[in-house]
Structures are given as C-alpha cells and as structure tokens.
file my_file_19.cif (mmCIF, N, CA and C atoms)
data_start
loop_
_atom_site.label_atom_id
_atom_site.label_comp_id
_atom_site.auth_asym_id
_atom_site.auth_seq_id
_atom_site.Cartn_x
_atom_site.Cartn_y
_atom_site.Cartn_z
N MET I 65 52.77 13.16 -8.61
CA MET I 65 53.29 13.20 -7.26
C MET I 65 54.17 11.97 -7.05
N ILE I 66 55.31 12.20 -6.43
CA ILE I 66 56.19 11.11 -6.01
C ILE I 66 56.16 11.12 -4.49
N LEU I 67 55.68 10.05 -3.91
CA LEU I 67 55.61 9.91 -2.46
C LEU I 67 56.69 8.92 -2.05
N ALA I 68 57.66 9.40 -1.28
CA ALA I 68 58.80 8.57 -0.88
C ALA I 68 58.78 8.37 0.64
N PHE I 69 58.28 7.21 1.07
CA PHE I 69 58.35 6.85 2.47
C PHE I 69 59.78 6.40 2.78
N TYR I 70 60.30 6.84 3.91
CA TYR I 70 61.62 6.38 4.35
C TYR I 70 61.57 6.19 5.86
N PRO I 71 62.37 5.27 6.39
CA PRO I 71 62.26 4.92 7.81
C PRO I 71 62.49 6.07 8.79
N GLU I 72 63.57 6.84 8.60
CA GLU I 72 63.83 7.90 9.58
C GLU I 72 64.91 8.85 9.09
N ASP I 73 64.82 10.09 9.54
CA ASP I 73 65.85 11.09 9.25
C ASP I 73 67.18 10.62 9.85
N TRP I 74 68.25 11.06 9.27
CA TRP I 74 69.61 10.92 9.79
C TRP I 74 70.26 9.55 9.58
N SER I 75 69.53 8.53 9.22
CA SER I 75 70.19 7.24 9.00
C SER I 75 70.97 7.33 7.68
N PRO I 76 72.07 6.57 7.56
CA PRO I 76 72.91 6.68 6.36
C PRO I 76 72.16 6.41 5.05
N VAL I 77 71.38 5.35 4.99
CA VAL I 77 70.68 5.02 3.74
C VAL I 77 69.64 6.08 3.42
N CYS I 78 68.89 6.52 4.42
CA CYS I 78 67.88 7.56 4.20
C CYS I 78 68.53 8.85 3.74
N SER I 79 69.63 9.20 4.34
CA SER I 79 70.35 10.42 3.95
C SER I 79 70.79 10.34 2.49
N ASP I 80 71.34 9.20 2.10
CA ASP I 80 71.79 9.02 0.71
C ASP I 80 70.61 9.06 -0.26
N GLN I 81 69.51 8.41 0.12
CA GLN I 81 68.34 8.37 -0.75
C GLN I 81 67.77 9.78 -0.96
N MET I 82 67.60 10.53 0.11
CA MET I 82 67.03 11.87 -0.01
C MET I 82 67.98 12.80 -0.76
N ALA I 83 69.30 12.64 -0.57
CA ALA I 83 70.27 13.44 -1.31
C ALA I 83 70.19 13.15 -2.81
N LEU I 84 70.02 11.89 -3.17
CA LEU I 84 69.87 11.51 -4.57
C LEU I 84 68.63 12.18 -5.17
N TYR I 85 67.52 12.14 -4.44
CA TYR I 85 66.29 12.74 -4.95
C TYR I 85 66.43 14.25 -5.09
N GLN I 86 67.16 14.88 -4.16
CA GLN I 86 67.42 16.31 -4.28
C GLN I 86 68.18 16.59 -5.58
N GLU I 87 69.16 15.76 -5.86
CA GLU I 87 69.97 15.91 -7.07
C GLU I 87 69.11 15.75 -8.32
N LEU I 88 68.11 14.88 -8.24
CA LEU I 88 67.28 14.57 -9.41
C LEU I 88 66.00 15.42 -9.49
N LEU I 89 65.83 16.35 -8.58
CA LEU I 89 64.62 17.19 -8.62
C LEU I 89 64.35 17.80 -10.00
N PRO I 90 65.38 18.34 -10.68
CA PRO I 90 65.10 18.90 -12.01
C PRO I 90 64.54 17.85 -12.99
N GLU I 91 64.99 16.61 -12.88
CA GLU I 91 64.47 15.55 -13.74
C GLU I 91 63.00 15.28 -13.41
N PHE I 92 62.68 15.20 -12.13
CA PHE I 92 61.30 14.98 -11.73
C PHE I 92 60.41 16.14 -12.20
N GLN I 93 60.93 17.34 -12.08
CA GLN I 93 60.16 18.52 -12.44
C GLN I 93 59.88 18.60 -13.93
N LYS I 94 60.72 17.98 -14.75
CA LYS I 94 60.47 17.93 -16.20
C LYS I 94 59.14 17.23 -16.49
N PHE I 95 58.72 16.36 -15.59
CA PHE I 95 57.46 15.64 -15.73
C PHE I 95 56.34 16.28 -14.91
N ASN I 96 56.60 17.50 -14.42
CA ASN I 96 55.66 18.21 -13.54
C ASN I 96 55.31 17.40 -12.30
N ALA I 97 56.26 16.62 -11.83
CA ALA I 97 56.05 15.78 -10.66
C ALA I 97 56.58 16.47 -9.41
N GLN I 98 55.76 16.49 -8.37
CA GLN I 98 56.15 17.02 -7.06
C GLN I 98 56.65 15.86 -6.21
N LEU I 99 57.81 16.00 -5.62
CA LEU I 99 58.38 15.00 -4.72
C LEU I 99 58.07 15.36 -3.28
N VAL I 100 57.64 14.36 -2.52
CA VAL I 100 57.38 14.54 -1.10
C VAL I 100 58.00 13.36 -0.36
N GLY I 101 58.84 13.65 0.63
CA GLY I 101 59.37 12.61 1.51
C GLY I 101 58.49 12.51 2.74
N ILE I 102 58.39 11.32 3.30
CA ILE I 102 57.55 11.16 4.50
C ILE I 102 58.13 10.09 5.41
N SER I 103 58.25 10.44 6.68
CA SER I 103 58.68 9.47 7.70
C SER I 103 57.94 9.80 9.00
N VAL I 104 58.14 8.96 9.99
CA VAL I 104 57.46 9.15 11.28
C VAL I 104 58.15 10.18 12.16
N ASP I 105 59.24 10.76 11.69
CA ASP I 105 59.92 11.80 12.47
C ASP I 105 59.05 13.04 12.56
N GLY I 106 59.28 13.84 13.59
CA GLY I 106 58.53 15.06 13.80
C GLY I 106 59.01 16.21 12.93
N ILE I 107 58.23 17.28 12.91
CA ILE I 107 58.52 18.44 12.07
C ILE I 107 59.88 19.07 12.37
N TRP I 108 60.25 19.18 13.64
CA TRP I 108 61.52 19.83 13.98
C TRP I 108 62.70 18.97 13.53
N CYS I 109 62.55 17.68 13.63
CA CYS I 109 63.59 16.77 13.14
C CYS I 109 63.72 16.92 11.61
N HIS I 110 62.57 16.98 10.93
CA HIS I 110 62.58 17.16 9.47
C HIS I 110 63.24 18.48 9.08
N LEU I 111 62.91 19.54 9.79
CA LEU I 111 63.50 20.84 9.46
C LEU I 111 65.02 20.81 9.61
N ALA I 112 65.51 20.23 10.70
CA ALA I 112 66.96 20.14 10.91
C ALA I 112 67.61 19.25 9.84
N PHE I 113 66.97 18.12 9.54
CA PHE I 113 67.49 17.19 8.54
C PHE I 113 67.53 17.85 7.15
N ALA I 114 66.43 18.49 6.76
CA ALA I 114 66.37 19.15 5.46
C ALA I 114 67.40 20.27 5.35
N ASN I 115 67.56 21.05 6.42
CA ASN I 115 68.55 22.12 6.42
C ASN I 115 69.97 21.56 6.32
N ASP I 116 70.26 20.54 7.11
CA ASP I 116 71.60 19.94 7.12
C ASP I 116 71.95 19.29 5.78
N ARG I 117 70.97 18.66 5.15
CA ARG I 117 71.19 17.93 3.89
C ARG I 117 70.88 18.77 2.66
N ASN I 118 70.48 20.04 2.87
CA ASN I 118 70.17 20.96 1.79
C ASN I 118 69.08 20.41 0.87
N LEU I 119 68.00 19.93 1.49
CA LEU I 119 66.87 19.38 0.74
C LEU I 119 65.87 20.48 0.45
N HIS I 120 65.37 20.52 -0.78
CA HIS I 120 64.44 21.56 -1.19
C HIS I 120 63.13 20.97 -1.69
N PHE I 121 62.65 19.97 -0.99
CA PHE I 121 61.33 19.40 -1.24
C PHE I 121 60.71 19.11 0.11
N PRO I 122 59.39 19.05 0.18
CA PRO I 122 58.72 18.87 1.48
C PRO I 122 59.01 17.50 2.10
N LEU I 123 59.20 17.54 3.41
CA LEU I 123 59.27 16.31 4.21
C LEU I 123 58.06 16.35 5.14
N LEU I 124 57.21 15.36 5.00
CA LEU I 124 55.99 15.31 5.81
C LEU I 124 56.22 14.48 7.06
N ALA I 125 55.64 14.93 8.16
CA ALA I 125 55.78 14.25 9.45
C ALA I 125 54.57 13.35 9.70
N ASP I 126 54.78 12.05 9.57
CA ASP I 126 53.74 11.06 9.86
C ASP I 126 53.88 10.68 11.34
N PHE I 127 53.86 11.72 12.17
CA PHE I 127 54.26 11.62 13.57
C PHE I 127 53.12 11.31 14.53
N GLU I 128 52.01 12.02 14.38
CA GLU I 128 50.91 11.82 15.33
C GLU I 128 49.58 11.93 14.61
N PRO I 129 48.73 10.95 14.59
CA PRO I 129 49.03 9.64 15.19
C PRO I 129 50.13 8.93 14.39
N LYS I 130 51.08 8.42 15.13
CA LYS I 130 52.30 7.87 14.54
C LYS I 130 52.00 6.82 13.48
N GLY I 131 52.53 7.09 12.27
CA GLY I 131 52.43 6.13 11.18
C GLY I 131 51.07 6.02 10.53
N GLU I 132 50.17 6.97 10.76
CA GLU I 132 48.82 6.86 10.20
C GLU I 132 48.84 6.80 8.67
N VAL I 133 49.65 7.63 8.05
CA VAL I 133 49.71 7.63 6.58
C VAL I 133 50.39 6.35 6.09
N ALA I 134 51.47 5.96 6.74
CA ALA I 134 52.15 4.71 6.37
C ALA I 134 51.20 3.52 6.50
N ARG I 135 50.39 3.52 7.53
CA ARG I 135 49.40 2.44 7.70
C ARG I 135 48.40 2.44 6.54
N ALA I 136 47.97 3.63 6.13
CA ALA I 136 47.01 3.73 5.02
C ALA I 136 47.59 3.15 3.73
N TYR I 137 48.91 3.27 3.57
CA TYR I 137 49.58 2.72 2.39
C TYR I 137 50.12 1.31 2.66
N GLN I 138 49.82 0.78 3.82
CA GLN I 138 50.22 -0.57 4.24
C GLN I 138 51.75 -0.75 4.24
N VAL I 139 52.47 0.29 4.70
CA VAL I 139 53.93 0.21 4.76
C VAL I 139 54.47 0.58 6.15
N TYR I 140 53.62 0.49 7.16
CA TYR I 140 54.08 0.79 8.52
C TYR I 140 54.73 -0.44 9.13
N ARG I 141 55.87 -0.25 9.77
CA ARG I 141 56.59 -1.32 10.45
C ARG I 141 56.36 -1.16 11.96
N ALA I 142 55.32 -1.79 12.47
CA ALA I 142 54.90 -1.60 13.86
C ALA I 142 55.99 -1.98 14.85
N LYS I 143 56.71 -3.05 14.59
CA LYS I 143 57.74 -3.51 15.52
C LYS I 143 58.84 -2.45 15.70
N GLU I 144 59.22 -1.79 14.62
CA GLU I 144 60.27 -0.78 14.66
C GLU I 144 59.73 0.63 14.91
N GLY I 145 58.43 0.82 14.65
CA GLY I 145 57.85 2.14 14.79
C GLY I 145 58.23 3.08 13.67
N THR I 146 58.55 2.52 12.50
CA THR I 146 58.93 3.31 11.33
C THR I 146 58.15 2.81 10.12
N SER I 147 58.44 3.36 8.97
CA SER I 147 57.80 2.87 7.75
C SER I 147 58.80 2.06 6.94
N GLU I 148 58.26 1.35 5.99
CA GLU I 148 59.09 0.70 4.98
C GLU I 148 59.75 1.79 4.14
N ARG I 149 60.69 1.40 3.33
CA ARG I 149 61.27 2.29 2.33
C ARG I 149 60.45 2.04 1.06
N ALA I 150 59.43 2.87 0.86
CA ALA I 150 58.46 2.62 -0.20
C ALA I 150 58.28 3.86 -1.08
N LEU I 151 58.08 3.61 -2.36
CA LEU I 151 57.92 4.68 -3.33
C LEU I 151 56.58 4.53 -4.05
N TYR I 152 55.94 5.67 -4.31
CA TYR I 152 54.68 5.68 -5.04
C TYR I 152 54.72 6.81 -6.06
N VAL I 153 54.26 6.54 -7.26
CA VAL I 153 54.03 7.58 -8.25
C VAL I 153 52.52 7.65 -8.42
N ILE I 154 51.98 8.84 -8.16
CA ILE I 154 50.54 9.06 -8.14
C ILE I 154 50.20 10.07 -9.24
N ASP I 155 49.21 9.72 -10.07
CA ASP I 155 48.88 10.60 -11.19
C ASP I 155 48.04 11.80 -10.74
N ALA I 156 47.70 12.65 -11.69
CA ALA I 156 46.97 13.88 -11.40
C ALA I 156 45.57 13.61 -10.85
N ASP I 157 45.04 12.40 -11.07
CA ASP I 157 43.72 12.04 -10.55
C ASP I 157 43.80 11.37 -9.19
N GLY I 158 45.02 11.27 -8.62
CA GLY I 158 45.19 10.66 -7.30
C GLY I 158 45.27 9.14 -7.33
N ILE I 159 45.51 8.57 -8.50
CA ILE I 159 45.60 7.12 -8.65
C ILE I 159 47.06 6.70 -8.60
N VAL I 160 47.35 5.71 -7.74
CA VAL I 160 48.71 5.16 -7.68
C VAL I 160 48.97 4.42 -8.98
N ARG I 161 49.96 4.86 -9.73
CA ARG I 161 50.29 4.26 -11.02
C ARG I 161 51.51 3.36 -10.95
N TRP I 162 52.30 3.51 -9.88
CA TRP I 162 53.50 2.68 -9.71
C TRP I 162 53.88 2.71 -8.25
N SER I 163 54.33 1.58 -7.75
CA SER I 163 54.83 1.55 -6.38
C SER I 163 55.93 0.50 -6.27
N TYR I 164 56.75 0.68 -5.26
CA TYR I 164 57.86 -0.24 -5.02
C TYR I 164 58.23 -0.17 -3.55
N VAL I 165 58.38 -1.33 -2.92
CA VAL I 165 58.86 -1.39 -1.55
C VAL I 165 60.24 -2.03 -1.59
N SER I 166 61.21 -1.27 -1.14
CA SER I 166 62.61 -1.71 -1.14
C SER I 166 62.96 -2.33 0.20
N PRO I 167 63.93 -3.23 0.25
CA PRO I 167 64.43 -3.64 1.57
C PRO I 167 64.86 -2.39 2.33
N VAL I 168 64.60 -2.36 3.63
CA VAL I 168 64.86 -1.16 4.43
C VAL I 168 66.30 -0.68 4.33
N GLY I 169 67.25 -1.59 4.26
CA GLY I 169 68.65 -1.22 4.22
C GLY I 169 69.20 -0.92 2.84
N VAL I 170 68.31 -0.85 1.83
CA VAL I 170 68.77 -0.65 0.44
C VAL I 170 68.16 0.62 -0.13
N ASN I 171 69.00 1.48 -0.67
CA ASN I 171 68.55 2.68 -1.36
C ASN I 171 67.93 2.24 -2.69
N PRO I 172 66.64 2.51 -2.92
CA PRO I 172 66.01 2.04 -4.15
C PRO I 172 66.39 2.83 -5.39
N GLY I 173 67.14 3.92 -5.22
CA GLY I 173 67.50 4.73 -6.36
C GLY I 173 66.30 5.43 -6.96
N ALA I 174 66.44 5.83 -8.21
CA ALA I 174 65.37 6.59 -8.86
C ALA I 174 64.95 6.05 -10.21
N ASN I 175 65.58 4.98 -10.68
CA ASN I 175 65.25 4.47 -12.01
C ASN I 175 63.78 4.11 -12.14
N GLY I 176 63.23 3.42 -11.15
CA GLY I 176 61.82 3.05 -11.20
C GLY I 176 60.90 4.26 -11.25
N ILE I 177 61.23 5.27 -10.46
CA ILE I 177 60.43 6.51 -10.46
C ILE I 177 60.46 7.14 -11.85
N LEU I 178 61.65 7.28 -12.40
CA LEU I 178 61.79 7.93 -13.71
C LEU I 178 61.08 7.14 -14.81
N GLN I 179 61.17 5.82 -14.76
CA GLN I 179 60.46 5.00 -15.75
C GLN I 179 58.95 5.17 -15.62
N ALA I 180 58.45 5.22 -14.39
CA ALA I 180 57.02 5.41 -14.16
C ALA I 180 56.57 6.79 -14.67
N LEU I 181 57.37 7.81 -14.41
CA LEU I 181 57.03 9.16 -14.88
C LEU I 181 57.04 9.22 -16.40
N GLU I 182 58.02 8.57 -17.02
CA GLU I 182 58.08 8.54 -18.48
C GLU I 182 56.86 7.83 -19.06
N SER I 183 56.47 6.74 -18.44
CA SER I 183 55.30 5.99 -18.89
C SER I 183 54.03 6.84 -18.78
N LEU I 184 53.89 7.54 -17.66
CA LEU I 184 52.73 8.43 -17.50
C LEU I 184 52.73 9.55 -18.53
N ASP I 185 53.92 10.08 -18.79
CA ASP I 185 54.06 11.17 -19.74
C ASP I 185 53.66 10.71 -21.14
N GLU I 186 54.07 9.49 -21.50
CA GLU I 186 53.72 8.94 -22.82
C GLU I 186 52.22 8.75 -22.95
N LYS I 187 51.56 8.45 -21.84
CA LYS I 187 50.10 8.25 -21.84
C LYS I 187 49.35 9.56 -21.65
N GLY I 188 50.11 10.64 -21.39
CA GLY I 188 49.48 11.93 -21.16
C GLY I 188 48.85 12.06 -19.79
N GLY I 189 49.36 11.28 -18.79
CA GLY I 189 48.74 11.30 -17.49
C GLY I 189 49.58 11.91 -16.40
N SER I 190 50.66 12.62 -16.72
CA SER I 190 51.48 13.18 -15.64
C SER I 190 51.03 14.56 -15.26
#
call {"tool": "encode", "arguments": {"input": "my_file_19.cif", "output": "structure tokens"}}
result
Amino acid sequence: MILAFYPEDWSPVCSDQMALYQELLPEFQKFNAQLVGISVDGIWCHLAFANDRNLHFPLLADFEPKGEVARAYQVYRAKEGTSERALYVIDADGIVRWSYVSPVGVNPGANGILQALESLDEKGGS
C-alpha cells in the first residue's frame, strides 16, 4: 500500500503530485501496490478533483473528524487544518516500511516510493 497524504485538492503542487502518481500507477501496480491519496477535503470535493484530473485511484476523505487519520500518522497541521505532504509504503502485514515527509510546497516525486517498493520486492514483502 502507498499512502499519500496531501494538504488539499486543487492546489497546484497537490494537482501535480497526484497527476504524477496517476501516470506512474502501472509502475506501482508491477509491485502489487495499491495507491491511496488522502486529504482533509470532503468526498464531493475528492470526486470533482479526481474527475477533473482523471485520477483512477482512491482519494480518502479525512474530513470528519477532521484530520483523524493524519493525526494518527502524526502529520496533521492543526494551524492550517490540513495534513503534511507525507508518503508511506506499508507492507502486506500493515507495517510501515518507508515514510517521507516533504516540505508542503514541494512535490516529493515518486523515486522514494519506487525504491521502497523495489526493496520490499527484493525481500519478498510486497
């Protein structure tokens, strides 16, 4: 599982990041990895965003109670009411095997995700 926290739908950096992940879905799928995006936006906002950006992976709404999942991963930004831009690769046993928190204004890309997936694959844990 690839869990991609992002601050909010529609922002330029978030849009670019999610578009990149959509482009790389076939690469992620080679490792049998499911990608999930998550932000504090509501379901209707996610549906419009996914439709507009042609995203074909789930976007989860960490809306109510606001930021509960982000808080559990210690990436909630209370002052802004959003989450950090954080990535997690979680193995089949539910163990976080890799994580990265990017500066909010920086697209973290996918190299770290792909390296983590390759490492898990080499160990037989993907």
call {"tool": "closest_atom_pairs", "arguments": {"input": "my_file_19.cif", "of": "range 75-164 of chain I", "to": "range 174-190 of chain I", "cutoff": "6.5 Å", "atoms": "all atoms listed in the file", "output": "tab-separated table"}}
result
residue	atom	partner	partner_atom	distance
I:Phe95	C	I:Ser190	C	5.6
I:Asn96	C	I:Ser190	C	5.9
I:Asp155	CA	I:Gly189	C	5.4
I:Ala156	N	I:Gly189	C	5.1
I:Trp162	CA	I:Ala180	CA	6.3
call {"tool": "resolve_selection", "arguments": {"input": "my_file_19.cif", "expression": "the PyMOL selection byres (((chain I and resi 165 and name CA) around 8) and name CA)", "output": "number ranges by chain"}}
result
I: 148-151, 163-164, 166-167
call {"tool": "closest_residue", "arguments": {"input": "my_file_19.cif", "among": "I:Val153, I:Val100, I:Ile107, I:Ile66", "to": "Phe127 in chain I", "atoms": "all atoms listed in the file"}}
result
I:Ile107
call {"tool": "closest_residue", "arguments": {"input": "my_file_19.cif", "among": "I:Ala83, I:Leu89, I:Lys130, I:Ala68", "to": "Asn118 in chain I", "atoms": "only N, CA and C atoms"}}
result
I:Ala83
call {"tool": "atom_distance", "arguments": {"input": "my_file_19.cif", "atom1": "CA of Gly131 in chain I", "atom2": "CA of Ser103 in chain I"}}
result
7.9 Å
call {"tool": "residues_around", "arguments": {"input": "my_file_19.cif", "residues": "Asp105 in chain I", "least_positions_apart": "3", "cutoff": "7 Å", "atoms": "only C-alpha atoms", "output": "ChimeraX atom specification"}}
result
/I:72-73,109-110,125-127
call {"tool": "select_by_dssp", "arguments": {"input": "my_file_19.cif", "residues": "range 109-171 of chain I", "states": "helix (DSSP H, G or I)", "output": "list in words"}}
result
Cys109, His110, Leu111, Ala112, Phe113, Ala114, Asn115, Asp116, Arg117, Glu132, Val133, Ala134, Arg135 and Ala136 of chain I
call {"tool": "select_by_dssp", "arguments": {"input": "my_file_19.cif", "residues": "chain I", "states": "strand (DSSP E)", "output": "list in words"}}
result
Ile66, Leu67, Ala68, Phe69, Leu99, Val100, Gly101, Ile102, Ser103, Leu123, Leu124, Ala125, Tyr140, Arg141, Thr146, Ser147, Arg149, Ala150, Leu151, Tyr152, Val153, Ile154, Val160, Arg161, Trp162, Ser163, Tyr164, Val165 and Ser166 of chain I
call {"tool": "closest_residue", "arguments": {"input": "my_file_19.cif", "among": "I:His120, I:Phe113, I:Gly145, I:Trp108", "to": "Tyr85 in chain I", "atoms": "all atoms listed in the file"}}
result
I:His120
call {"tool": "closest_residue", "arguments": {"input": "my_file_19.cif", "among": "I:Ala142, I:Arg117, I:Gln81, I:Phe92", "to": "Asn171 in chain I", "atoms": "only N, CA and C atoms"}}
result
I:Gln81
call {"tool": "atom_distance", "arguments": {"input": "my_file_19.cif", "atom1": "atom C of Tyr152 in chain I", "atom2": "CA of Cys78 in chain I"}}
result
16.7 Å
call {"tool": "atom_distance", "arguments": {"input": "my_file_19.cif", "atom1": "atom N of Leu111 in chain I", "atom2": "CA of Glu91 in chain I"}}
result
23.9 Å
call {"tool": "closest_residue", "arguments": {"input": "my_file_19.cif", "among": "I:Ala136, I:Leu67, I:Val168, I:Val77", "to": "Ile102 in chain I", "atoms": "all atoms listed in the file"}}
result
I:Leu67
call {"tool": "resolve_selection", "arguments": {"input": "my_file_19.cif", "expression": "the PyMOL selection byres ((chain I and resi 122) around 6)", "output": "VMD selection string"}}
result
chain I and resid 99 to 101 120 to 121 123 to 124
call {"tool": "axis_aligned_box", "arguments": {"input": "my_file_19.cif", "around": "range 96-110 of chain I", "padding_each_side": "3 Å", "output": "JSON"}}
result
{"center_x": 59.5, "center_y": 14.4, "center_z": -0.2, "size_x": 14.4, "size_y": 16.9, "size_z": 34.4}
call {"tool": "closest_residue", "arguments": {"input": "my_file_19.cif", "among": "I:Gly173, I:Glu128, I:Gln138, I:Arg161", "to": "Leu84 in chain I", "atoms": "all atoms listed in the file"}}
result
I:Gly173
